[in-house]
2 protein chains.
Amino acid sequence: MAHAQADTPLNIMPLPAKVERADGSLKIDANFRIAFAGYREPRLEHAGLRLERQIQRQTGLVILHTNKSVGPATLEVATDHESKAVQEPGEDESYSLDVSSSGAKLHAANPLGTLHGLQTFLQLIAIEPDGFSVPALHIEDRPRFPWRGLMIDSGRHFIPLDVIKHNLDGMEAVKMNVFHWHLSENQGFRAESRKFPKLHEQGSDGQFYTQEEIRDVVEFARDRGIRVVPEFDMPGHSTAWFVGYPELASGTGPYAIEHLWGVFDPAMDPTDEKTYKFLNEFIGEMARLFPDQFFHIGGDEVNGKEWGANSKIQAFMKAHHIKNNAELQAYFSGRVQDLVNKHKKTPVGWDEVLVPGVPKTIVIQSWRGVDSLAAAAKLGYRGILSNGYYLDLGWSAARHYAMDPLGGPAATLTPEQKQLILGGESCIWSEYVNAENIDSRIWPRNAAIAERLWSPEGTTDVASMYARMDTETTRLEWLGLTHGSFQRTMLQRFAGSWSPAEFDALRTLAQALEHEKDYAREASAGTPPTNLTPLNRLVDAVYPESDVSRRFSLLVDQFAASSCKDPAVAAEIRAQLAEWATIDDRLQALAQRSHLVKETAPASGALSHSAKIALDALDAIGKGAPLSDDQRKAQTSSLNALEQQAHKSQLTMPELPAFQKLIEAASAGGSCATQK
Amino acid sequence: MAHAQADTPLNIMPLPAKVERADGSLKIDANFRIAFAGYREPRLEHAGLRLERQIQRQTGLVILHTNKSVGPATLEVATDHESKAVQEPGEDESYSLDVSSSGAKLHAANPLGTLHGLQTFLQLIAIEPDGFSVPALHIEDRPRFPWRGLMIDSGRHFIPLDVIKHNLDGMEAVKMNVFHWHLSENQGFRAESRKFPKLHEQGSDGQFYTQEEIRDVVEFARDRGIRVVPEFDMPGHSTAWFVGYPELASGTGPYAIEHLWGVFDPAMDPTDEKTYKFLNEFIGEMARLFPDQFFHIGGDEVNGKEWGANSKIQAFMKAHHIKNNAELQAYFSGRVQDLVNKHKKTPVGWDEVLVPGVPKTIVIQSWRGVDSLAAAAKLGYRGILSNGYYLDLGWSAARHYAMDPLGGPAATLTPEQKQLILGGESCIWSEYVNAENIDSRIWPRNAAIAERLWSPEGTTDVASMYARMDTETTRLEWLGLTHGSFQRTMLQRFAGSWSPAEFDALRTLAQALEHEKDYAREASAGTPPTNLTPLNRLVDAVYPESDVSRRFSLLVDQFAASSCKDPAVAAEIRAQLAEWATIDDRLQALAQRSHLVKETAPASGALSHSAKIALDALDAIGKGAPLSDDQRKAQTSSLNALEQQAHKSQLTMPELPAFQKLIEAASAGGSCATQK
């Protein structure tokens, strides 16, 4: 085993702080054995078992845990000492890994670093011409930010326990260390409360996590070096609390679980001591259930209508010289923070909790922007960035990757102020996300965010990121995540029964499209959707970022770079366009049989028509017959109209810019046309 | 909702005994509600919850279990009375189902029939141009045979609990009612014994089911109308017992877990009373753990070598006038049957247990053939057929479907004798089957066997069977079975990292091939495989029956039937052949990077070369230039050589007969060539 591998790229994600390659490689076969030295604890044993299982999945090798070979283990792990019983941000997470053809050695100060190092080792196992192996190298690695999180919104759509666990496995794989669990919303209160059982009994449609399940998740996460920060959003986003406990609310009730999306009127009554008595007991109960030092109190998006309509509240404001709703919320927020502190926890809140005078202990989670994060740091507040990391908005991995917690205005902070920016959290809000498609809305793009938060500041090569993400996405599937596989299941539902050609057409359509970005779906939805609206349409089955489109666009760039002369690339482009151009026809018969396929007609028509326009442009280039200016304008305008047509199905065609490039290249005065 | 559906085929599998179609259909939407009347029990409530969940999976609709609509339920279920506490073969499993546009009514004598009826209802839900619906109809249904089983061999490869459960879900879907659990083998003893803990502790490499897990499976199965019959194979196939308890064996030991495949020497000592004392206690323990009335004692494939080499055993035989090993086994078998009877169970054994004088209570499971089953019935023994239902042999669904427990010599039995043939069991022996690919080795072909055992004797339309199986296979995936999806995961392991075109080529290759049939893999394996040999090669990743090849063969038949004149069909054939012809080239680069792809070279070469030969034949037909006799012979001989080449990878090319048809058609004197 002595391949000249030192120049092949490593599929590690996130990229380590420092890698030195060497010659040779370590063979991985059925004799693989891991041995632990130094500090030991059950968490490390579990990690060893998971590593063995994962190697088996990655390679198909049969590795008996009872392997008792003589001689040194394949992977020797040395951990110096324990980490804190309750994991904290800022603990040492570093590790070093040395691989030679005779063995691998992983060293870390504490189990957190060990866990990260094991994931790196797993990612290094590659298939080779003569077996599986790990390249010889030396790695020294540590995270750039101590807080690298994923927030899952279990409130709007309930996310089952097994899905949560698969995602924790995914987080471990990419070295994220905070699971922020958004547990209460207008649409559902998802945690069992024994003190106030009507919270989950009446506020959840029967869909909640028991305390036993929550303890199980916390333990599962801790095993993977992940903290669990619970969020109970207050005083707004709280309709579900009031179904069982209307006395907490500022309105007159009665309240029912909200099924629509948006910002709603119900809000807690900040002026009634009953509220704080309740919250004191409730926060106390949850503070015991969730061991983490941090406790998220939400605090976002209160519209104040219930406060305005309540004369008692208005009188209170007058009596206490509270001038407006923002001040009233600040008052509430301060009281709740006191309760959180009383129960020995550190509060976290969304941007809105940052008001003059709020104690410095609070951590600000910025959803509004990196500006507010930097502003908070200047005032001495710790912060984490989520703006730019909202996975539900459907951005490309590259766009998320470009967001840096220390970018923009934060770049000018002093070193001390920069220290206050703890990291970031990706967020998946679940209006249009359920158990079936949530994995696809998180992965693999979340790996790019994980890399941003772990790897050194200069790690910005987008092509390298995509290449490594393409490999990582498969590994993530071996953990049980369904971000790749869910689509086939959903499309089979669409099709009912089908010919292979019909199914191919449907899949080709789905893989060429993306769902509308940002909040456009909300705007274009027609009948207001609710959390009972089926997520069974094409918009729910497409991948947020189309690989097919990304590769096609690269192909068109490559073609243009060849002055439109490379015939092999032209043929590839033509084949892809020809496939898209026929989709609409190929789906006609299926659309007659299935309402879910019928509904895709605007999108399939738009894609096929656009592809024909691009084919015409390619033909014009091939013939050396440039499009006139009028033709160019007409084609461009057609593409724009077709994009609007796709929006009718709340879909978007990410290949349109590449189509437009072909039109430009084919036009009189265009770079390729003029060279002919 | 009043489509003229009465002429569209119903995707029910197995086909019911009697179906009468009517006009109209019942809409299935988010208001769906099921209501139970008459006899009620928790099992029915569970079935109702499963039905709701499954409808959600099939349709994507959000159906709240808490739905409290006014008016009648969508599906009203009436069950007359309870079934037996411990399910027995021969209980009433019939049901009737009436669907009109206003609602559905399911009626059954007991919960067994109700469970079957619910599965039929689920299968009837179809996607339509304006929503989901169930066609109006009247069904009266009952099984042809009372014993419809699937045997899973957990001995040779351990099959994890969740995989077992998914398969029980699959069995419920196709109305199978016996899970035969093969729990001990030379390679592993898989059930926890508290009386004799060294059985699982020393005989399983740590891979066994705890008694708690077994009770869970039994309950899970009962919830689905499925009996669990345990098998502990004796006196052979028992090496794993002897690792902890060598005193049971006829040899001198010591014994180690066997890892190779085959028939081995170790066998219990039938002449030592210690053996029966042990088995009495062991069978007693297992008889309490498994409530079913039947208890399988194996009894197959004893080679007698340990008996022959043991002078004490030889002396015993002489003293008791036991003339040969068959008689000695009969003596053992009789003693064990007495023990089974003593613990109030009915014994079941493989063919070999049927020897003169064996009590009539025993049930004979025939692996040798339908002849021995008929012979047993003539002697008054009850029997179940497994010959012809060995799923691990890789037969087509059509070939299994053609096997009838009352076919062949059994057709001439008297009605009373026919009553003794209780049904059949498909079997999956696990030499080349593990947790990763077992679903694909069982499903969807097992649905064809399930139909054979449930549906009326005349149900023999193979095209209809395949059409319905194509739909059923998707539904089975919604239960969590991975028979379709496992392949992509395995091929991703092969590829490591890849371009989409490379992966397409690999998948196209895999989907065109099948693993060798019957026991050919054993014969061609080279180095003897063991249960530690990785099942990570192309032969492990292909589907046992290639859909692509089946469709291609139908296409060639269609082409021939058009006197080779249909240009559209010719174009389809050409496109498929062209794709296959290029695979070998398209995999070259990947084969340089991955040993698992490199290993597929003989098969990919064989497929590409064969496809080119078939393309030549198609060209000859197109040009009206018939192949000469010499050309025909040369091409045929090339195809034969290429098939041998594919066997080097233990693979087979199921499209070869269709290629051969093209050659024949293209040949001078061939039907199509002469017409030109």
# chains A, B, ... in the order shown; residues from 1 in each chain; ligands from 1

call {"tool": "select_by_dssp", "arguments": {"residues": "segment 216-439 of chain A", "states": "helix (DSSP H, G or I)", "output": "NGL selection string"}}
result
:A and (216-223 or 239-244 or 246-248 or 273-289 or 305-308 or 311-319 or 325-342 or 351-353 or 370-378 or 391-393 or 397-401 or 408-412 or 415-420 or 438-439)

call {"tool": "write_last_selection", "arguments": {"atoms": "C-alpha atoms", "output": "CSV table (one decimal), in the first residue's frame"}}
result
chain,number,residue,atom,x,y,z
A,216,ASP,CA,-32.9,10.2,25.9
A,217,VAL,CA,-32.2,12.9,23.3
A,218,VAL,CA,-30.0,14.8,25.7
A,219,GLU,CA,-28.0,11.7,26.5
A,220,PHE,CA,-27.8,10.7,22.8
A,221,ALA,CA,-26.5,14.2,22.0
A,222,ARG,CA,-24.0,14.2,24.9
A,223,ASP,CA,-22.6,10.9,23.6
A,239,THR,CA,-50.7,30.5,21.3
A,240,ALA,CA,-50.3,26.8,22.1
A,241,TRP,CA,-49.6,27.5,25.8
A,242,PHE,CA,-52.9,29.4,26.1
A,243,VAL,CA,-55.1,26.5,25.0
A,244,GLY,CA,-54.6,24.9,28.3
A,246,PRO,CA,-55.6,31.0,28.9
A,247,GLU,CA,-54.9,32.9,32.1
A,248,LEU,CA,-51.3,33.5,30.9
A,273,GLU,CA,-47.6,38.3,38.6
A,274,LYS,CA,-49.5,35.0,37.9
A,275,THR,CA,-47.5,34.8,34.7
A,276,TYR,CA,-44.2,35.0,36.5
A,277,LYS,CA,-45.3,32.5,39.1
A,278,PHE,CA,-46.2,30.1,36.4
A,279,LEU,CA,-43.0,30.7,34.4
A,280,ASN,CA,-40.9,30.4,37.5
A,281,GLU,CA,-42.2,26.9,38.1
A,282,PHE,CA,-42.1,26.0,34.4
A,283,ILE,CA,-38.6,27.2,33.9
A,284,GLY,CA,-37.5,25.4,37.0
A,285,GLU,CA,-39.0,22.1,35.7
A,286,MET,CA,-37.4,22.5,32.3
A,287,ALA,CA,-34.1,23.7,33.8
A,288,ARG,CA,-33.9,20.4,35.6
A,289,LEU,CA,-34.8,18.4,32.4
A,305,LYS,CA,-52.1,43.8,19.6
A,306,GLU,CA,-53.3,42.0,22.6
A,307,TRP,CA,-51.4,44.3,24.9
A,308,GLY,CA,-52.9,47.3,23.1
A,311,SER,CA,-57.0,48.1,29.5
A,312,LYS,CA,-55.4,46.5,32.5
A,313,ILE,CA,-52.1,46.2,30.7
A,314,GLN,CA,-52.5,49.8,29.4
A,315,ALA,CA,-53.1,51.0,33.0
A,316,PHE,CA,-50.0,49.0,34.2
A,317,MET,CA,-47.9,50.7,31.5
A,318,LYS,CA,-49.1,54.1,32.5
A,319,ALA,CA,-48.5,53.4,36.2
A,325,ASN,CA,-44.7,47.8,23.6
A,326,ALA,CA,-40.9,47.5,23.1
A,327,GLU,CA,-40.4,48.7,26.6
A,328,LEU,CA,-43.1,46.4,27.9
A,329,GLN,CA,-41.5,43.5,26.2
A,330,ALA,CA,-38.1,44.6,27.7
A,331,TYR,CA,-39.8,44.5,31.1
A,332,PHE,CA,-41.1,41.0,30.5
A,333,SER,CA,-37.8,39.9,29.1
A,334,GLY,CA,-36.0,41.2,32.2
A,335,ARG,CA,-38.3,39.4,34.5
A,336,VAL,CA,-38.0,36.1,32.6
A,337,GLN,CA,-34.2,36.5,32.5
A,338,ASP,CA,-34.2,36.9,36.3
A,339,LEU,CA,-36.1,33.6,36.5
A,340,VAL,CA,-33.7,31.9,34.2
A,341,ASN,CA,-30.8,33.2,36.3
A,342,LYS,CA,-32.5,32.1,39.4
A,351,ASP,CA,-32.3,39.9,18.5
A,352,GLU,CA,-35.4,41.6,20.1
A,353,VAL,CA,-34.3,40.9,23.6
A,370,VAL,CA,-24.6,40.3,11.1
A,371,ASP,CA,-24.9,44.1,11.7
A,372,SER,CA,-27.0,43.6,14.8
A,373,LEU,CA,-24.6,40.9,16.0
A,374,ALA,CA,-21.6,43.3,15.6
A,375,ALA,CA,-23.6,46.0,17.3
A,376,ALA,CA,-24.3,43.7,20.2
A,377,ALA,CA,-20.7,42.8,20.5
A,378,LYS,CA,-19.7,46.4,20.7
A,391,LEU,CA,-31.9,26.6,5.7
A,392,ASP,CA,-35.6,26.8,5.0
A,393,LEU,CA,-35.0,29.8,2.7
A,397,ALA,CA,-24.6,26.0,0.0
A,398,ALA,CA,-22.3,28.6,-1.6
A,399,ARG,CA,-24.4,31.4,-0.4
A,400,HIS,CA,-24.6,30.1,3.2
A,401,TYR,CA,-20.9,29.4,3.0
A,408,GLY,CA,-19.2,42.5,7.3
A,409,PRO,CA,-19.3,45.0,10.2
A,410,ALA,CA,-17.9,42.4,12.6
A,411,ALA,CA,-14.6,42.4,10.7
A,412,THR,CA,-13.8,45.8,12.3
A,415,PRO,CA,-10.1,41.2,19.2
A,416,GLU,CA,-11.9,41.3,22.5
A,417,GLN,CA,-15.2,42.1,20.9
A,418,LYS,CA,-14.7,39.3,18.3
A,419,GLN,CA,-14.3,36.9,21.2
A,420,LEU,CA,-17.9,37.7,22.1
A,438,ILE,CA,-36.8,17.8,6.8
A,439,ASP,CA,-33.5,15.9,6.2

call {"tool": "interface_residues", "arguments": {"of": "chain A", "to": "chain B", "cutoff": "6 Å", "atoms": "only C-alpha atoms", "output": "list in words"}}
result
Gly60, Leu61, Val62, Ile127, Glu128, Pro129, Asp130, Gly131, Gly496, Leu532, Pro534, Asn536, Arg593, Ser594 and His595 of chain A

call {"tool": "residues_around", "arguments": {"residues": "segment 422-430 of chain A", "least_positions_apart": "6", "cutoff": "7 Å", "atoms": "only C-alpha atoms", "output": "mmCIF file with N, CA and C atoms, in the first residue's frame"}}
result
data_model
loop_
_atom_site.group_PDB
_atom_site.id
_atom_site.type_symbol
_atom_site.label_atom_id
_atom_site.label_comp_id
_atom_site.auth_asym_id
_atom_site.auth_seq_id
_atom_site.Cartn_x
_atom_site.Cartn_y
_atom_site.Cartn_z
ATOM 1 N N PHE A 145 -14.893 28.500 16.015
ATOM 2 C CA PHE A 145 -15.902 29.039 16.939
ATOM 3 C C PHE A 145 -16.343 27.959 17.931
ATOM 4 N N PRO A 146 -16.601 28.346 19.157
ATOM 5 C CA PRO A 146 -17.027 27.349 20.148
ATOM 6 C C PRO A 146 -18.506 26.963 20.065
ATOM 7 N N TRP A 147 -19.316 27.761 19.350
ATOM 8 C CA TRP A 147 -20.767 27.490 19.310
ATOM 9 C C TRP A 147 -21.152 27.239 17.853
ATOM 10 N N ARG A 148 -21.393 25.963 17.523
ATOM 11 C CA ARG A 148 -21.705 25.580 16.137
ATOM 12 C C ARG A 148 -22.985 24.757 16.165
ATOM 13 N N GLY A 149 -24.080 25.433 15.877
ATOM 14 C CA GLY A 149 -25.357 24.784 16.158
ATOM 15 C C GLY A 149 -26.280 24.592 14.974
ATOM 16 N N LEU A 150 -27.261 23.738 15.232
ATOM 17 C CA LEU A 150 -28.393 23.551 14.319
ATOM 18 C C LEU A 150 -29.656 23.698 15.151
ATOM 19 N N MET A 151 -30.544 24.581 14.702
ATOM 20 C CA MET A 151 -31.837 24.697 15.354
ATOM 21 C C MET A 151 -32.900 23.963 14.552
ATOM 22 N N ILE A 152 -33.657 23.122 15.217
ATOM 23 C CA ILE A 152 -34.790 22.456 14.561
ATOM 24 C C ILE A 152 -36.066 22.941 15.211
ATOM 25 N N ASP A 153 -36.988 23.355 14.362
ATOM 26 C CA ASP A 153 -38.291 23.845 14.809
ATOM 27 C C ASP A 153 -39.260 22.662 14.876
ATOM 28 N N ARG A 156 -43.829 24.041 14.630
ATOM 29 C CA ARG A 156 -44.795 24.219 13.539
ATOM 30 C C ARG A 156 -45.205 22.873 12.935
ATOM 31 N N HIS A 157 -44.220 22.032 12.676
ATOM 32 C CA HIS A 157 -44.509 20.631 12.363
ATOM 33 C C HIS A 157 -43.765 19.789 13.385
ATOM 34 N N ARG A 382 -22.501 38.787 24.243
ATOM 35 C CA ARG A 382 -22.128 37.626 23.445
ATOM 36 C C ARG A 382 -23.225 37.347 22.414
ATOM 37 N N GLY A 383 -22.811 36.840 21.282
ATOM 38 C CA GLY A 383 -23.813 36.607 20.250
ATOM 39 C C GLY A 383 -23.500 35.414 19.388
ATOM 40 N N ILE A 384 -24.544 34.911 18.732
ATOM 41 C CA ILE A 384 -24.390 33.849 17.731
ATOM 42 C C ILE A 384 -25.185 34.259 16.497
ATOM 43 N N LEU A 385 -24.634 33.924 15.340
ATOM 44 C CA LEU A 385 -25.248 34.358 14.084
ATOM 45 C C LEU A 385 -26.174 33.283 13.520
ATOM 46 N N SER A 386 -27.395 33.690 13.185
ATOM 47 C CA SER A 386 -28.265 32.778 12.440
ATOM 48 C C SER A 386 -28.731 33.412 11.139
ATOM 49 N N TYR A 389 -28.125 31.830 7.785
ATOM 50 C CA TYR A 389 -28.051 30.375 7.970
ATOM 51 C C TYR A 389 -29.444 29.752 8.079
ATOM 52 N N TYR A 390 -30.447 30.428 7.548
ATOM 53 C CA TYR A 390 -31.806 29.873 7.576
ATOM 54 C C TYR A 390 -31.945 28.869 6.429
ATOM 55 N N LEU A 391 -31.878 27.617 6.766
ATOM 56 C CA LEU A 391 -31.889 26.580 5.722
ATOM 57 C C LEU A 391 -33.215 26.501 4.985
ATOM 58 N N ASP A 392 -34.296 26.893 5.647
ATOM 59 C CA ASP A 392 -35.610 26.793 5.009
ATOM 60 C C ASP A 392 -35.781 27.794 3.878
ATOM 61 N N PRO A 405 -19.673 34.788 10.580
ATOM 62 C CA PRO A 405 -20.053 35.511 11.799
ATOM 63 C C PRO A 405 -19.138 36.707 12.057
ATOM 64 N N ILE A 442 -32.209 20.204 5.389
ATOM 65 C CA ILE A 442 -31.036 20.483 6.236
ATOM 66 C C ILE A 442 -29.745 20.065 5.526
ATOM 67 N N LEU A 453 -18.186 27.351 10.361
ATOM 68 C CA LEU A 453 -18.067 27.592 11.800
ATOM 69 C C LEU A 453 -16.875 26.871 12.429
#

call {"tool": "residues_around", "arguments": {"residues": "segment 544-546 of chain A", "least_positions_apart": "4", "cutoff": "9 Å", "atoms": "only C-alpha atoms", "output": "PyMOL selection string"}}
result
chain A and resi 391-397+440-441+445+510-517+550-551+654

call {"tool": "residues_around", "arguments": {"residues": "segment 162-167 of chain B", "least_positions_apart": "2", "cutoff": "8 Å", "atoms": "only C-alpha atoms", "output": "list in words"}}
result
Ile159, Pro160, Asp169, Gly170, Met171, Val217, Phe220, Ala435, Asp439, Leu479, Gly480 and Leu481 of chain B

call {"tool": "select_by_dssp", "arguments": {"residues": "segment 125-277 of chain B", "states": "strand (DSSP E)", "output": "count of residues only"}}
result
38

call {"tool": "atom_distance", "arguments": {"atom1": "atom CA of Val556 of chain A", "atom2": "atom CA of Ala448 of chain A"}}
result
24.4 Å

call {"tool": "atom_distance", "arguments": {"atom1": "atom CA of Ser96 of chain B", "atom2": "atom CA of Ile139 of chain B"}}
result
5.4 Å

call {"tool": "residues_around", "arguments": {"residues": "Glu91 of chain A", "least_positions_apart": "5", "cutoff": "10 Å", "atoms": "only C-alpha atoms", "output": "ChimeraX atom specification"}}
result
/A:83-84,109-110,112-113,146

call {"tool": "residues_around", "arguments": {"residues": "Ser671 of chain A", "least_positions_apart": "6", "cutoff": "8 Å", "atoms": "only C-alpha atoms", "output": "list in words"}}
result
Ser563, Glu664 and Ala665 of chain A

call {"tool": "atom_distance", "arguments": {"atom1": "atom CA of Ala578 of chain B", "atom2": "atom CA of Gln588 of chain A"}}
result
26.5 Å

call {"tool": "closest_residue", "arguments": {"among": "A:His343, A:Arg144, A:His107, A:His259", "to": "Leu15 of chain A", "atoms": "only C-alpha atoms"}}
result
A:Arg144

call {"tool": "closest_residue", "arguments": {"among": "B:Glu45, B:Ala501, B:Leu260, B:Phe559", "to": "Glu572 of chain A", "atoms": "only C-alpha atoms"}}
result
B:Ala501

call {"tool": "decode", "arguments": {"residues": "segment 140-156 of chain B", "atoms": "C-alpha atoms", "output": "mmCIF file, in the first residue's frame"}}
result
data_model
loop_
_atom_site.group_PDB
_atom_site.id
_atom_site.type_symbol
_atom_site.label_atom_id
_atom_site.label_comp_id
_atom_site.auth_asym_id
_atom_site.auth_seq_id
_atom_site.Cartn_x
_atom_site.Cartn_y
_atom_site.Cartn_z
ATOM 1 C CA GLU B 140 -65.510 -11.315 -0.359
ATOM 2 C CA ASP B 141 -62.228 -12.801 0.517
ATOM 3 C CA ARG B 142 -60.678 -15.716 2.330
ATOM 4 C CA PRO B 143 -57.370 -17.552 2.035
ATOM 5 C CA ARG B 144 -56.884 -20.716 0.045
ATOM 6 C CA PHE B 145 -54.363 -22.120 2.563
ATOM 7 C CA PRO B 146 -54.292 -21.608 6.338
ATOM 8 C CA TRP B 147 -50.462 -21.643 6.600
ATOM 9 C CA ARG B 148 -48.747 -18.877 4.623
ATOM 10 C CA GLY B 149 -45.286 -18.333 5.941
ATOM 11 C CA LEU B 150 -41.920 -16.704 5.545
ATOM 12 C CA MET B 151 -38.857 -18.289 7.104
ATOM 13 C CA ILE B 152 -35.927 -16.047 7.951
ATOM 14 C CA ASP B 153 -32.573 -17.618 8.734
ATOM 15 C CA SER B 154 -31.091 -15.551 11.554
ATOM 16 C CA GLY B 155 -28.479 -18.221 12.139
ATOM 17 C CA ARG B 156 -25.963 -17.867 9.321
#
